[in-house]
Structures are given as structure tokens and as C-alpha cells.
Amino acid sequence: MKVLQLCNKPPYPPVDGGTLAMNSITQGLLQAGCEVRVLTVETDKHPAHTDRLPADYLGRLSGFDAVYVDLRVKPLDAVAAMMSGQSYHVNRYRSEHFAQKLKEILQAESFDVVHVESIFLTPYVPIVRKYSKAALILRAHNVEHLIWQRVAHSTRHGLKRWYLKHLSLTLRAYELEHLNDYDGVVCITRNDAEYFGANGCRRPITNIPFGVEPCKVDDAAVEPNSLFHIGAMDWLPNQESIAWLLHDVWPVVHREVPQAHLYLAGRKMPERWMNANIEGVTIVGEVDDAGQFIAGKQINIVPLLSGSGIRVKIIEAMSAGKVVITTTVGAQGIDYTDGKNLLIADTPEEFARQIKRCLADNAFCNSVGEAAAQLIAEQYNGQKLADELLKFYNKRLEK
């Protein structure tokens, strides 16, 4: 089977949740014997660095192309989108250069499936329909408008809150209308699939998470009393969650368990935190090896207050046998059992209590981590998930 994978940012190297999820699809399809070509958007924020991609990655693909798209916010364009009722989130991805490259690829090659990563690339669906007979599949990483709806709800500044609410409403209208442009929709979580189905999606829809490689950890190298958060810090829900953690949770933990130490890692760490001097907290910023960083710490905390889809970094930490403390929002999409393989805390008091419990009881902490690793090994097997995706593809091709 020949698959053209359209990506809204470079899927390699897999440095954050989105790229890990996209690369998981690429690798799973390749392992299943598919021929895969990648066409990706690259931006100032997410450059492709095609000259630095490893030969063993490029060699397995039938092609890898990156087209620069300027996603910088432009006030005049934002106002124009607002006045016309269009989604500025989507409009920013419209590019004549990307459209031309896609057209060239489709005219030169035939594909069985065009796999589109994220609703933001939907403006290119008409080009695929015109120049290809391939089945068009949308991979919905999140219910995108719900993320912005929740961010708007938690924003206190009146004008900013109004504008974020406007962005969420226009994105909602676009997202729910254009799901039906596709031949099938693949969500990462069951919750997202059910939401789309209840809100007008008439196309076949399924939920397939992503595969992860089991991570082996040397327990002797784990720093005692260490907590960590790792995630892309240019994502607003992560900024929101860390602000909440530092303001409402960490002072309680640090006062009652002064030996505890918190590490905050992730690219694009805001300057206000990089320059902060917070007792018991080390601002790491971007790390060279996320797996090594995770392996050396004891407890993963993910105090996510808004978002959709599934948190890839939680899956990574669980696969490494780490106990993860997160919110109900953070845990969505994971078939967990609270208290067995994941710990849920939705208020500052609950979060601080769970952290203190784990720091005080290593046996409990280890048992949750072991159960977490077992859950991920059973449910997030990359090849098994790729086979499920291929079955979904084939059913669409039969239509």
C-alpha cells in the first residue's frame, strides 16, 4: 500500500507529543510493509532541518519533502479572519507553495491513501480530490477547538478571553463542518471519537492511539525524591498547567517535604521561568535526550487543566515504569485505573497529597509504575496498532 502522509509540522525527530504520534504512524506503516512518502509543513517554530535527518530514516521513506509556511501571527490577517468569520487557526496554514508541491507529488505518483495529520491541513483536501483517487483519512490528534475553548475559559484578562473565545468558536465551526470532507477519521482517543460522532461527523470514525517502544530503566540511576514535568512549553495548556503547579501546588509540597526537588523540562521554556529562582525547582529547558531525562527521575507530574487527545509524554513516562500523577483531563484517552497504574488529582490539595504519598512510600510508588509499564506494553504495541490502522484504510478503499 502506498501512503502519502501530510504533516502539519516535521514528524522527525520526534521531540514532542505531536511528532511522536506522527512518527509512530510512519514507523508502524513502514514495519507493516507500506510505502510511505512524507510531505510536511515547516515553520520558524518547527524547522525541518532536512539536511540533518539520519540516512536510515530517509532511506526507509519513498520521499520526504518540507515546505516552509509562515505561521507567524499577523494582526491584519487576524482581523480580516475575524471580520469574515473564518478560522484564523486554519487560515495560517494556507500556502500556495505547499499547495503546488502537493499537486506536483500527486501528479507524479499514485497513492492508495492520503493520511492527513490534523484538521489544519484540510484546506488542501480539494487538491487531493482533484489529482488523486486515494482514500482521504484524517488523523485527529485532538478536538482542537476544545483546547482553545478551555484556554479561553481559564483566561482572566477580559479582552484576551473574548478573542480566544472567538478563535475557539470559529475553529469549532470549521472543525465540525469539515470532518465530513474525509473518507474516514482516526482519533487518538475514544472520547474524541465519541465527541465527533455526537457532533455531526457522518464519516466512518475510529480511535487508534499510538505505539511506543518499551523503555528500560536502571532503577539505581533514579534520583530519590525527584519530580519532573516534560513537555513543549510553547503549547498554551502546558504553560497554564505549570503556572498552576508553581502557584497552587508546589509551595505546599516544598514546605512539607523540603527534600523534594522538581525539574521542569521542555523546549521553548518561557523566559519568566528560565530566569526565576524558585526554591526546590530546577528549570531545565530543552533536553537532548528525553528518554534519559525521564529515566533519571522518580515521579512524573502532569497537572493539565485543558486539552484534548492523549498526552504522549504520559504514555512515555508510564512505559518507563514511572508513577504519573495527572488530572482527569491529562489522563483522558488512557484506559487507566486510578490508584493502580495512574494517580488522578484535580485540585491543588489532591495533587499535593498524591505527591506527598508517593514521596513517602517507595513501595507504593514502584507498584504503580510497574502496573503502568504493563498497561502500556499491552495496549500501545506499535505493530498491533498499525495493523488496526491498515484494516481501517482497507475498509475505506473498498467503498
# chains A, B, ... in the order shown; residues from 1 in each chain; ligands from 1

call {"tool": "select_by_dssp", "arguments": {"residues": "stretch 132-374 of chain A", "states": "alpha helix (DSSP H)", "output": "PyMOL selection string"}}
result
chain A and resi 144-154+158-178+190-198+236-244+250-256+271-274+290-295+312-319+328-331+348-360+362-374

call {"tool": "closest_residue", "arguments": {"among": "A:Val185, A:Ala295, A:Met22, A:Leu342", "to": "A:Pro224", "atoms": "only C-alpha atoms"}}
result
A:Ala295

call {"tool": "residues_around", "arguments": {"residues": "A:Leu246", "least_positions_apart": "5", "cutoff": "10 Å", "atoms": "only C-alpha atoms", "output": "JSON list (two decimals) with N, CA, C and O atoms, in the first residue's frame"}}
result
[["chain", "number", "residue", "atom", "x", "y", "z"],
["A", 241, "SER", "N", -0.75, 24.85, 32.91],
["A", 241, "SER", "CA", -0.64, 23.83, 33.95],
["A", 241, "SER", "C", 0.56, 24.08, 34.86],
["A", 241, "SER", "O", 0.48, 23.88, 36.08],
["A", 251, "PRO", "N", 4.28, 25.23, 46.48],
["A", 251, "PRO", "CA", 4.59, 25.80, 47.80],
["A", 251, "PRO", "C", 4.21, 24.88, 48.95],
["A", 251, "PRO", "O", 4.94, 24.79, 49.95],
["A", 252, "VAL", "N", 3.08, 24.17, 48.82],
["A", 252, "VAL", "CA", 2.64, 23.24, 49.86],
["A", 252, "VAL", "C", 3.59, 22.05, 49.95],
["A", 252, "VAL", "O", 4.03, 21.64, 51.03],
["A", 262, "LEU", "N", 11.86, 19.48, 42.15],
["A", 262, "LEU", "CA", 11.07, 19.47, 40.93],
["A", 262, "LEU", "C", 11.92, 19.94, 39.75],
["A", 262, "LEU", "O", 12.57, 20.98, 39.83],
["A", 278, "ILE", "N", 13.16, 29.71, 42.05],
["A", 278, "ILE", "CA", 12.11, 29.08, 42.85],
["A", 278, "ILE", "C", 12.73, 27.98, 43.70],
["A", 278, "ILE", "O", 13.38, 27.07, 43.17],
["A", 281, "VAL", "N", 13.17, 24.02, 42.85],
["A", 281, "VAL", "CA", 12.81, 23.83, 41.44],
["A", 281, "VAL", "C", 14.02, 24.12, 40.56],
["A", 281, "VAL", "O", 14.71, 25.13, 40.74]]

call {"tool": "select_by_dssp", "arguments": {"residues": "stretch 46-258 of chain A", "states": "strand (DSSP E or B)", "output": "ChimeraX atom specification"}}
result
/A:63-68,113-117,135-140,184-187,205-207,226-230

call {"tool": "atom_distance", "arguments": {"atom1": "atom CA of A:Val151", "atom2": "atom CA of A:Leu171"}}
result
13.4 Å

call {"tool": "closest_atom_pairs", "arguments": {"of": "stretch 204-306 of chain A", "to": "stretch 378-382 of chain A", "cutoff": "8 Å", "atoms": "only C-alpha atoms", "output": "tab-separated table"}}
result
residue	atom	partner	partner_atom	distance
A:Pro209	CA	A:Tyr380	CA	7.1
A:Phe210	CA	A:Tyr380	CA	6.3
A:Gly211	CA	A:Gly382	CA	3.7
A:Val212	CA	A:Gly382	CA	6.1
A:Glu213	CA	A:Gly382	CA	7.5

call {"tool": "closest_residue", "arguments": {"among": "A:Val287, A:Tyr336, A:His89, A:Ala99", "to": "A:Asp77", "atoms": "only C-alpha atoms"}}
result
A:His89

call {"tool": "closest_residue", "arguments": {"among": "A:Val257, A:Leu76, A:Ile344, A:Ile188", "to": "A:Arg139", "atoms": "only C-alpha atoms"}}
result
A:Ile188

call {"tool": "residues_around", "arguments": {"residues": "A:Lys313", "least_positions_apart": "6", "cutoff": "8 Å", "atoms": "only C-alpha atoms", "output": "list in words"}}
result
Asp16, Gly17, Ile230 and Gly231 of chain A

call {"tool": "write_last_selection", "arguments": {"atoms": "C-alpha atoms", "output": "mmCIF file, in the first residue's frame"}}
result
data_model
loop_
_atom_site.group_PDB
_atom_site.id
_atom_site.type_symbol
_atom_site.label_atom_id
_atom_site.label_comp_id
_atom_site.auth_asym_id
_atom_site.auth_seq_id
_atom_site.Cartn_x
_atom_site.Cartn_y
_atom_site.Cartn_z
ATOM 1 C CA ASP A 16 7.141 16.380 21.395
ATOM 2 C CA GLY A 17 3.780 14.683 21.676
ATOM 3 C CA ILE A 230 8.442 17.487 30.425
ATOM 4 C CA GLY A 231 6.530 18.958 27.534
#

call {"tool": "residues_around", "arguments": {"residues": "A:Gln259", "least_positions_apart": "4", "cutoff": "9 Å", "atoms": "only C-alpha atoms", "output": "list in words"}}
result
Asn225, Ser226, His254 and Gly280 of chain A

call {"tool": "closest_residue", "arguments": {"among": "A:Ala80, A:Ala232, A:Val116, A:Ala21", "to": "A:Asn8", "atoms": "only C-alpha atoms"}}
result
A:Val116

call {"tool": "atom_distance", "arguments": {"atom1": "atom CA of A:Thr282", "atom2": "atom CA of A:His247"}}
result
15.3 Å

call {"tool": "residues_around", "arguments": {"residues": "A:Asp248", "least_positions_apart": "3", "cutoff": "10 Å", "atoms": "only C-alpha atoms", "output": "PyMOL selection string"}}
result
chain A and resi 242-245+251-253+347-349+351-352

call {"tool": "residues_around", "arguments": {"residues": "A:Asn207", "least_positions_apart": "5", "cutoff": "10 Å", "atoms": "only C-alpha atoms", "output": "ChimeraX atom specification"}}
result
/A:139-140,185-194,333,388-389

call {"tool": "closest_residue", "arguments": {"among": "A:Thr337, A:Thr50, A:Thr326, A:Gln31", "to": "A:Pro11", "atoms": "only C-alpha atoms"}}
result
A:Thr50

call {"tool": "atom_distance", "arguments": {"atom1": "atom CA of A:Leu397", "atom2": "atom CA of A:Asp65"}}
result
25.4 Å

call {"tool": "closest_atom_pairs", "arguments": {"of": "stretch 64-180 of chain A", "to": "stretch 198-202 of chain A", "cutoff": "8 Å", "atoms": "only C-alpha atoms", "output": "JSON lines"}}
result
{"residue": "A:Leu176", "atom": "CA", "partner": "A:Gly200", "partner_atom": "CA", "distance": 6.7}
{"residue": "A:Glu177", "atom": "CA", "partner": "A:Gly200", "partner_atom": "CA", "distance": 7.7}
{"residue": "A:Leu179", "atom": "CA", "partner": "A:Cys201", "partner_atom": "CA", "distance": 6.1}
{"residue": "A:Asn180", "atom": "CA", "partner": "A:Cys201", "partner_atom": "CA", "distance": 6.0}

call {"tool": "closest_residue", "arguments": {"among": "A:Ser95, A:Gly28, A:Gln298, A:Arg161", "to": "A:Asp387", "atoms": "only C-alpha atoms"}}
result
A:Gly28

call {"tool": "decode", "arguments": {"residues": "stretch 242-328 of chain A", "atoms": "C-alpha atoms", "output": "compact mmCIF listing (two decimals), in the first residue's frame"}}
result
# COMPACT_ATOMS: atom_id res chain seq x y z
CA ILE A 242 2.86 24.77 35.11
CA ALA A 243 1.70 28.18 36.31
CA TRP A 244 -0.99 26.40 38.36
CA LEU A 245 1.54 23.90 39.69
CA LEU A 246 4.06 26.53 40.78
CA HIS A 247 1.47 28.86 42.29
CA ASP A 248 -1.01 26.49 43.93
CA VAL A 249 0.71 23.13 44.48
CA TRP A 250 4.47 23.41 44.80
CA PRO A 251 4.59 25.80 47.80
CA VAL A 252 2.64 23.24 49.86
CA VAL A 253 4.83 20.32 48.77
CA HIS A 254 8.09 22.21 49.31
CA ARG A 255 7.02 23.38 52.76
CA GLU A 256 6.01 19.91 53.96
CA VAL A 257 8.62 17.85 52.06
CA PRO A 258 11.64 20.17 51.70
CA GLN A 259 13.88 17.41 50.34
CA ALA A 260 11.66 17.07 47.25
CA HIS A 261 13.02 18.57 44.06
CA LEU A 262 11.07 19.47 40.93
CA TYR A 263 12.59 19.53 37.42
CA LEU A 264 10.79 21.35 34.58
CA ALA A 265 11.93 20.40 31.09
CA GLY A 266 10.77 21.19 27.60
CA ARG A 267 11.66 23.28 24.61
CA LYS A 268 10.61 26.92 24.35
CA MET A 269 10.56 27.37 28.12
CA PRO A 270 9.22 30.90 28.81
CA GLU A 271 11.83 33.41 29.97
CA ARG A 272 9.82 34.21 33.10
CA TRP A 273 10.55 30.71 34.36
CA MET A 274 14.06 30.35 32.95
CA ASN A 275 15.04 33.44 34.94
CA ALA A 276 13.03 32.57 38.04
CA ASN A 277 14.61 31.50 41.30
CA ILE A 278 12.11 29.08 42.85
CA GLU A 279 13.13 27.06 45.89
CA GLY A 280 13.29 23.35 45.18
CA VAL A 281 12.81 23.83 41.44
CA THR A 282 15.31 23.44 38.60
CA ILE A 283 14.31 24.84 35.22
CA VAL A 284 15.99 22.51 32.76
CA GLY A 285 14.56 23.76 29.48
CA GLU A 286 15.08 21.63 26.39
CA VAL A 287 16.84 18.30 26.94
CA ASP A 288 18.94 16.42 24.41
CA ASP A 289 17.52 13.01 25.33
CA ALA A 290 14.00 12.94 26.75
CA GLY A 291 14.20 9.22 27.48
CA GLN A 292 17.36 9.62 29.53
CA PHE A 293 15.86 12.58 31.39
CA ILE A 294 12.70 10.61 32.24
CA ALA A 295 14.72 7.57 33.29
CA GLY A 296 16.67 9.54 35.88
CA LYS A 297 13.65 10.94 37.73
CA GLN A 298 11.16 9.34 40.06
CA ILE A 299 7.69 10.87 39.69
CA ASN A 300 6.07 12.42 36.62
CA ILE A 301 3.57 15.19 37.33
CA VAL A 302 1.23 16.42 34.59
CA PRO A 303 -1.24 18.94 36.05
CA LEU A 304 -3.07 19.54 32.77
CA LEU A 305 -6.16 21.72 33.10
CA SER A 306 -7.17 21.94 29.43
CA GLY A 307 -6.57 19.95 26.29
CA SER A 308 -7.90 17.11 24.18
CA GLY A 309 -6.46 13.97 22.67
CA ILE A 310 -3.90 12.00 24.62
CA ARG A 311 -0.70 13.12 26.31
CA VAL A 312 2.12 11.29 24.62
CA LYS A 313 4.62 12.22 27.33
CA ILE A 314 2.42 10.50 29.92
CA ILE A 315 2.50 7.33 27.84
CA GLU A 316 6.28 7.61 27.55
CA ALA A 317 6.70 8.02 31.30
CA MET A 318 4.34 5.12 32.04
CA SER A 319 6.20 2.89 29.59
CA ALA A 320 9.37 3.67 31.56
CA GLY A 321 7.70 2.43 34.73
CA LYS A 322 7.23 5.87 36.26
CA VAL A 323 4.35 6.71 38.54
CA VAL A 324 2.38 9.52 36.90
CA ILE A 325 0.21 11.99 38.78
CA THR A 326 -2.14 13.87 36.49
CA THR A 327 -5.61 15.36 36.23
CA THR A 328 -8.72 13.81 34.74
